[in-house]
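*Asks:* Let me give you the structure first, and then I'll get to my questions.
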Amino acid sequence: MIEIKNLTKKYKNLTVLDDLSFTINDGVTCILGESGSGKTTLLNAISSLTDYDGFISKVKCSYVFQSPNLLPNLTVYDNLKISGATEEEILSGLDAFNLTDKKLAYPNFLSGGERQRVALLRGLLKNSDYLLLDEPFSSLDLKNKRQEVEYLLSMLKSKPTNIIFVTHDINEAVAFSDEILILKHGKIIKRIKNSSEKRTPDYFSNAELKMQLEKLLTL
């Protein structure tokens with residue numbers, strides 16, 4: 001669990017995070033909000049990539065940014081080896097993410113979806129308390145986005161991981177989060193439990209929850 005008390009972040013006269021106090025539970029937590037709501041700033045504060053006022057309990061984090069940030073001179077396998085994982089863990093992860101045939105490929109020879117998948121897998125393999133994901137599927141089209149969510153759900157079944165991910169996409173929030181926190185104007189205005197039995201990459205599932213989230217975002 002991560003405890004946050006009186007978290008405030010300002011850029012000159014702009015208040016991005018406004019006196020936030022809440023906890024983030026173990027499991028998969030989604031921070032859902034529109035562009036400019038402070039989602040990425042919140043991740044950066046949790047990971048100590050930015051300064052802030054207030055208190056955040058310290059945890060060991062791995063971070064997957066919107067851009068995959070793979071080392072171009074290393075193969076997929078060697079990019080994953082950086083995580084500190086064993087060969088067995090890497091090979092198992094490659095299989096779960098349908099990347100076994102890309103093991104010796106270099107990033108420039110991968111599709112955008114494959115590069116993002118390698119970055120996700122590297123984050124999952126790293127020994128950390130929480131994996132932070134900053135809109136990891138935002139650059140993908142709908143078909144690839146659904147596929148990547150499916151791979152991630154499959155991986156989480158064999159390797160349960162505490163994840164905090166931010167998105168403005170309601171479908172992503174519903175697809176694989178245990179809890180959804182709505183961030184608006186620098187404040188958490190609502191937190192909603194998401195039934196694990198309903199988590200699925202099918203974007204047409206759980207219409208009732210999606211309607212509830214849409215109403216909250218437009219308040």
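Residue numbering restarts at 1 for every chain of the structure tokens, chains are lettered A, B, ... in their displayed order, and ligands are numbered from 1 as they appear.
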Neighbouring residues of Arg115 of chain A were defined as those with any atom within 9 Å, considering only C-alpha atoms; residues of the same chain fewer than 3 positions away were excluded. Please report them as a ChimeraX atom specification.
*Replies:* /A:68-70,76,107-108,110-112,118-120
*Asks:* Mind checking which residues fall within 9 Å of segment 30-40 of chain A, counting only C-alpha atoms, ignoring those fewer than 3 positions away in the same chain, and posting them as a VMD selection string?
*Replies:* chain A and resid 16 to 17 43 to 45 134 to 135 163 to 170 172 to 174 176 to 188 213 217
*Asks:* Please give the complete set of residues from segment 27-167 of chain A that DSSP, run on the backbone, assigns to strand (DSSP E), formatted as a list in words.
*Replies:*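 Going through segment 27-167 of chain A, the strand (DSSP E) residues come out as Val28, Thr29, Cys30, Ile31, Leu32, Asp53, Gly54, Phe55, Ile56, Cys61, Ser62, Tyr63, Val64, Tyr130, Leu131, Leu132, Leu133, Asp134, Ile163, Ile164, Phe165, Val166 and Thr167 of chain A.
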*Asks:* How would the residues just chosen look if you wrote them out with C-alpha atoms as a PDB file, in the first residue's frame?
*Replies:*
ATOM      1  CA  VAL A  28      -3.971  -2.931 -10.222  1.00  0.00           C
ATOM      2  CA  THR A  29      -4.979   0.696  -9.726  1.00  0.00           C
ATOM      3  CA  CYS A  30      -5.995   3.001 -12.564  1.00  0.00           C
ATOM      4  CA  ILE A  31      -5.698   6.777 -12.318  1.00  0.00           C
ATOM      5  CA  LEU A  32      -8.283   7.928 -14.850  1.00  0.00           C
ATOM      6  CA  ASP A  53       5.115  19.185  -1.172  1.00  0.00           C
ATOM      7  CA  GLY A  54       3.520  16.645   1.163  1.00  0.00           C
ATOM      8  CA  PHE A  55       4.212  13.010   1.965  1.00  0.00           C
ATOM      9  CA  ILE A  56       4.353   9.810  -0.138  1.00  0.00           C
ATOM     10  CA  CYS A  61       9.107   1.324  -8.499  1.00  0.00           C
ATOM     11  CA  SER A  62       9.732   0.352 -12.080  1.00  0.00           C
ATOM     12  CA  TYR A  63       8.373   2.763 -14.686  1.00  0.00           C
ATOM     13  CA  VAL A  64       7.129   2.159 -18.231  1.00  0.00           C
ATOM     14  CA  TYR A 130       4.956  -1.271  -7.921  1.00  0.00           C
ATOM     15  CA  LEU A 131       4.993  -1.069 -11.702  1.00  0.00           C
ATOM     16  CA  LEU A 132       4.045   2.385 -12.987  1.00  0.00           C
ATOM     17  CA  LEU A 133       2.546   2.646 -16.469  1.00  0.00           C
ATOM     18  CA  ASP A 134       2.089   6.005 -18.182  1.00  0.00           C
ATOM     19  CA  ILE A 163       0.434  -1.770 -10.889  1.00  0.00           C
ATOM     20  CA  ILE A 164      -0.480   1.895 -11.039  1.00  0.00           C
ATOM     21  CA  PHE A 165      -1.359   3.029 -14.528  1.00  0.00           C
ATOM     22  CA  VAL A 166      -2.690   6.306 -15.830  1.00  0.00           C
ATOM     23  CA  THR A 167      -4.968   6.738 -18.808  1.00  0.00           C
TER      24      THR A 167
END
*Asks:* DSSP on the backbone: what in segment 2-219 of chain A comes out helix (DSSP H, G or I), as JSON, numbers by chain?
*Replies:* {"A": [39, 40, 41, 42, 43, 44, 45, 46, 76, 77, 78, 79, 80, 81, 87, 88, 89, 90, 91, 92, 93, 94, 95, 96, 100, 101, 102, 107, 108, 109, 112, 113, 114, 115, 116, 117, 118, 119, 120, 121, 122, 123, 124, 125, 142, 143, 144, 145, 146, 147, 148, 149, 150, 151, 152, 153, 154, 155, 156, 157, 158, 170, 171, 172, 173, 174, 175, 176, 196, 197, 198, 207, 208, 209, 210, 211, 212, 213, 214, 215, 216, 217]}
*Asks:* Here is a test: counting only C-alpha atoms, which residue of A:Glu208, A:Asp26, A:Asp101, A:Glu148 is nearest to Tyr77 of chain A?
*Replies:*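 Checking each candidate against Tyr77 of chain A, we get A:Asp101 as the closest.
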*Asks:* For atom CA of Phe65 of chain A and atom CA of Ile189 of chain A, determine how far apart the two atoms are, in Å to one decimal place.
*Replies:*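 If I compute the distance from atom CA of Phe65 of chain A to atom CA of Ile189 of chain A, I get 25.0 Å.
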*Asks:* So which one's closest to Leu74 of chain A, A:Ile24, A:Ile46, A:Leu104, A:Leu121? Using only C-alpha atoms, please.
*Replies:*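 Distance minimum relative to Leu74 of chain A lands on A:Leu104.
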*Asks:* Fewer than 6 positions away in the same chain doesn't count, so skip those; otherwise give me all residues within 8 Å of Lys60 of chain A, counting only C-alpha atoms, as a PyMOL selection string.
*Replies:* chain A and resi 47+128-130
*Asks:* When you draw a straight line from atom CA of Gly27 of chain A to atom CA of Asn194 of chain A, how long is it in Å?
*Replies:*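 Computing it gives 11.2 Å between the two atoms.
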*Asks:* Set the distance at 10 Å and use only C-alpha atoms: which residues neighbour Gly93 of chain A once local chain neighbours fewer than 2 positions away are removed? I'd like the list as a short mmCIF file (atom, residue, chain, number, x, y, z; two decimals) with C-alpha atoms, in the first residue's frame.
*Replies:*
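Printed below is part.cif as written:
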data_model
loop_
_atom_site.label_atom_id
_atom_site.label_comp_id
_atom_site.auth_asym_id
_atom_site.auth_seq_id
_atom_site.Cartn_x
_atom_site.Cartn_y
_atom_site.Cartn_z
CA LEU A 80 14.92 -7.79 -20.89
CA GLU A 87 16.75 -16.67 -18.13
CA GLU A 88 13.80 -18.86 -17.13
CA GLU A 89 11.72 -15.81 -16.20
CA ILE A 90 12.64 -14.02 -19.44
CA LEU A 91 11.79 -17.00 -21.63
CA ASP A 95 6.16 -16.86 -24.35
CA ALA A 96 3.34 -15.16 -22.41
CA PHE A 97 3.67 -12.01 -24.54
CA ASN A 98 3.97 -13.97 -27.80
CA LEU A 99 7.48 -12.65 -28.40
CA THR A 100 9.54 -15.85 -28.41
CA VAL A 118 8.87 -5.63 -24.65
CA LEU A 121 7.52 -7.17 -20.04
CA ARG A 122 10.78 -5.56 -18.89
CA LEU A 124 7.01 -6.68 -15.10
CA LEU A 125 10.23 -8.67 -14.81
CA TYR A 151 -1.19 -10.25 -23.10
CA MET A 155 0.94 -12.31 -17.63
CA SER A 158 1.04 -16.10 -13.60
CA LYS A 159 2.86 -13.13 -12.05
#
*Asks:* Can you work out the spacing between atom CA of Ile4 of chain A and atom CA of Thr50 of chain A in Å, to one decimal?
*Replies:* 14.9 Å
